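Dumped final.tsv below, it's TSV, C-alpha atoms:
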```
chain	number	residue	atom	x	y	z
L	22	MET	CA	85.19	41.50	18.09
L	23	PRO	CA	87.99	41.11	20.68
L	24	PRO	CA	88.69	37.59	21.96
L	25	LEU	CA	87.28	36.60	25.35
L	26	ARG	CA	89.74	36.81	28.20
L	27	ASP	CA	90.24	33.74	30.39
L	28	GLN	CA	90.52	35.81	33.57
L	29	LEU	CA	87.92	38.23	34.96
L	30	THR	CA	88.21	40.92	37.61
L	31	ILE	CA	85.95	40.86	40.65
L	32	GLY	CA	83.97	43.76	39.17
L	33	GLU	CA	83.45	41.91	35.90
L	34	VAL	CA	82.30	38.78	37.72
L	35	ALA	CA	79.94	40.81	39.91
L	36	THR	CA	78.45	42.55	36.88
L	37	ARG	CA	78.13	39.40	34.77
L	38	SER	CA	76.74	37.20	37.56
L	39	GLY	CA	74.68	39.69	39.53
L	40	VAL	CA	76.47	38.51	42.69
L	41	PRO	CA	77.76	41.40	44.84
L	42	HIS	CA	81.50	41.83	45.48
L	43	THR	CA	80.98	41.04	49.15
L	44	ALA	CA	79.30	37.73	48.35
L	45	LEU	CA	82.11	36.81	45.94
L	46	ARG	CA	84.69	37.38	48.67
L	47	PHE	CA	82.55	35.40	51.12
L	48	TYR	CA	82.16	32.48	48.67
L	49	GLU	CA	85.90	32.54	48.12
L	50	GLN	CA	86.56	32.41	51.88
L	51	ARG	CA	84.21	29.41	52.10
L	52	GLY	CA	86.04	27.64	49.25
L	53	LEU	CA	83.05	27.70	46.90
L	54	ILE	CA	84.90	29.69	44.24
L	55	PHE	CA	88.57	30.36	43.61
L	56	ALA	CA	90.60	33.28	42.35
L	57	GLU	CA	94.23	33.78	41.51
L	58	ARG	CA	96.09	36.90	42.60
L	59	THR	CA	98.01	39.28	40.38
L	60	GLY	CA	101.35	40.79	41.36
L	61	GLY	CA	99.34	43.72	42.76
L	62	ASN	CA	97.23	41.27	44.85
L	63	GLN	CA	94.10	41.78	42.73
L	64	ARG	CA	91.70	38.87	42.30
L	65	ARG	CA	91.42	37.25	38.89
L	66	TYR	CA	88.69	34.66	38.43
L	67	PRO	CA	88.64	32.07	35.69
L	68	ARG	CA	85.74	32.61	33.28
L	69	THR	CA	84.29	29.27	34.43
L	70	VAL	CA	83.46	30.87	37.81
L	71	LEU	CA	80.29	32.26	36.19
L	72	ARG	CA	78.83	28.76	35.78
L	73	ARG	CA	79.89	27.85	39.30
L	74	LEU	CA	78.11	30.95	40.64
L	75	ALA	CA	74.99	30.05	38.67
L	76	PHE	CA	75.08	26.62	40.32
L	77	ILE	CA	75.49	28.14	43.80
L	78	ARG	CA	72.62	30.59	43.30
L	79	ALA	CA	70.29	27.91	41.90
L	80	ALA	CA	71.08	25.61	44.82
L	81	GLN	CA	70.39	28.44	47.28
L	82	ARG	CA	67.05	29.12	45.60
L	83	VAL	CA	65.94	25.54	46.26
L	84	GLY	CA	66.92	25.97	49.90
L	85	MET	CA	70.33	24.33	50.12
L	86	SER	CA	72.75	25.67	52.71
L	87	LEU	CA	76.21	26.78	51.70
L	88	ASP	CA	77.62	23.78	53.55
L	89	ARG	CA	75.51	21.39	51.42
L	90	ILE	CA	76.47	23.31	48.28
L	91	ALA	CA	80.15	23.04	49.21
L	92	GLU	CA	79.76	19.28	49.72
L	93	ALA	CA	78.22	19.00	46.26
L	94	LEU	CA	80.93	21.09	44.60
L	95	GLU	CA	83.65	19.00	46.26
L	96	LYS	CA	82.34	16.00	44.28
L	97	LEU	CA	83.23	17.68	41.00
L	98	PRO	CA	86.55	16.99	39.30
L	99	PRO	CA	89.11	19.66	40.34
L	100	GLY	CA	89.12	22.78	38.24
L	101	THR	CA	85.79	22.08	36.54
L	102	SER	CA	82.55	23.97	36.53
L	103	PRO	CA	79.23	22.22	37.06
L	104	THR	CA	77.52	20.97	33.93
L	105	LYS	CA	73.87	20.16	33.34
L	106	ALA	CA	74.67	16.51	34.11
L	107	HIS	CA	76.39	17.49	37.39
L	108	TRP	CA	73.34	19.55	38.39
L	109	ALA	CA	71.01	16.63	37.65
L	110	ARG	CA	73.10	14.18	39.70
L	111	LEU	CA	73.77	16.52	42.63
L	112	SER	CA	70.27	17.95	42.86
L	113	ALA	CA	68.80	14.44	42.83
L	114	SER	CA	70.72	13.75	46.04
L	115	TRP	CA	68.87	16.67	47.65
L	116	LYS	CA	65.40	15.33	46.82
L	117	GLU	CA	64.87	13.49	50.12
L	118	GLU	CA	65.96	16.51	52.15
L	119	LEU	CA	63.62	18.77	50.19
L	120	GLU	CA	60.73	16.32	50.62
L	121	THR	CA	61.34	16.33	54.39
L	122	ARG	CA	61.28	20.13	54.43
L	123	ILE	CA	58.10	20.24	52.37
L	124	ASP	CA	56.44	17.78	54.74
L	125	GLY	CA	57.54	19.88	57.73
L	126	MET	CA	56.20	23.06	56.15
L	127	GLN	CA	52.87	21.38	55.41
L	128	ARG	CA	52.60	20.22	59.03
L	129	LEU	CA	53.45	23.74	60.18
L	130	ARG	CA	50.77	25.15	57.90
L	131	ASP	CA	48.22	22.75	59.37
L	132	ARG	CA	49.23	23.62	62.94
L	133	LEU	CA	49.05	27.31	62.12
L	134	ALA	CA	45.47	26.96	60.93
L	135	SER	CA	44.42	25.28	64.18
L	136	CYS	CA	46.32	27.85	66.24
L	137	ILE	CA	44.50	30.70	64.58
L	138	GLY	CA	41.22	29.05	65.57
L	139	CYS	CA	42.42	28.54	69.15
L	140	GLY	CA	44.12	31.89	69.62
L	141	CYS	CA	45.79	30.85	72.88
L	142	LEU	CA	49.47	31.07	71.89
L	143	SER	CA	50.23	29.39	75.21
L	144	LEU	CA	53.94	28.87	75.80
L	145	LYS	CA	53.05	25.67	77.63
L	146	SER	CA	50.96	23.95	75.00
L	147	CYS	CA	51.11	25.89	71.72
L	148	SER	CA	52.56	23.77	68.94
L	149	LEU	CA	54.06	26.87	67.33
L	150	HIS	CA	55.88	28.17	70.41
L	151	ASN	CA	56.66	24.78	71.89
L	152	ALA	CA	56.73	22.38	68.95
L	153	ASP	CA	57.48	18.73	69.69
L	154	ASP	CA	58.49	19.47	73.30
L	155	GLN	CA	59.68	16.11	74.63
L	156	LEU	CA	60.68	17.40	78.07
L	157	ALA	CA	57.35	19.08	78.93
L	158	ASP	CA	56.29	16.09	81.06
L	159	LEU	CA	59.26	16.70	83.36
L	160	GLY	CA	57.87	20.05	84.49
L	161	ALA	CA	58.96	23.65	84.20
L	162	GLY	CA	62.57	24.79	84.12
L	163	ALA	CA	65.74	23.48	82.55
L	164	SER	CA	65.00	19.82	83.09
L	165	GLY	CA	67.76	18.76	80.69
L	166	LEU	CA	70.52	20.09	82.94
L	167	GLN	CA	72.26	17.74	85.29
L	168	PRO	CA	71.74	18.43	89.02
L	169	ALA	CA	74.72	20.04	90.76
L	170	ALA	CA	76.97	17.79	92.79
L	171	GLU	CA	76.75	18.16	96.57
L	172	GLY	CA	78.80	21.06	97.81
L	173	GLY	CA	79.41	22.33	94.27
L	174	CYS	CA	77.77	24.84	91.99
```

What does the file become when written as structure tokens?
Amino acid sequence: MPPLRDQLTIGEVATRSGVPHTALRFYEQRGLIFAERTGGNQRRYPRTVLRRLAFIRAAQRVGMSLDRIAEALEKLPPGTSPTKAHWARLSASWKEELETRIDGMQRLRDRLASCIGCGCLSLKSCSLHNADDQLADLGAGASGLQPAAEGGC
């Protein structure tokens, strides 16, 4: 059996991880993964990128944005891939955010049920179209805009 190589091509990483080439390039542009370049300007990824990609995909599945994932990965020691312990620590920091989202989705579900019963879908009062409208009492129009100065636009 031949020894494992330390460097992988973009095609090998795409095949092994199930992440398309385009996503790999995008993650690299965002600083989520890193590749070295050969003399012919071809990407070569360290084998550890596979674990990093698994971390990124798992975090996306629980609803984390790429910005939040990047923040988490920046907390890792340079040149390391996330371990099980890293995942436990970093994902625990997301718990409150996930709880807030779950609560919001449950409230949306409850509003949806009452909207189906009402059937109005009024842009003025419907909690789905106009959720938490704090400026409604000020009347119609763009009430948040400042009035124009005299003589100006």

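As for CA of Gly60 in chain L and CA of Phe47 in chain L, they are spaced 21.9 Å apart.
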
Between CA of Arg78 in chain L and CA of Thr36 in chain L, measure the distance and give it in Å to one decimal.
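Answer for the CA of Arg78 in chain L to CA of Thr36 in chain L separation: 14.8 Å.
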
Shell around Glu33 in chain L at 10 Å using all atoms listed in the file, local window under 6 positions removed, as a PyMOL selection string:
chain L and resi 39+42+65-66+68

Mind giving me the straight-line distance from CA of Met126 in chain L to CA of Ala109 in chain L in Å, one decimal?
24.6 Å

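In this comparison, which uses all atoms listed in the file, the residue of L:Ser86, L:Ser102, L:Gln127, L:Gln81 approaching Phe55 in chain L most closely is L:Ser102.
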
Shell of 8 Å around range 111-121 of chain L, all atoms listed in the file, local chain residues under 2 positions omitted, as a PyMOL selection string:
chain L and resi 80+84+93+107-109+123-125

Among listed residues L:Ala35, L:Leu129, L:Val83, L:Val70, nearest Thr101 in chain L (using all atoms listed in the file)
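Looking only at the distances to Thr101 in chain L, the closest residue turns out to be L:Val70.
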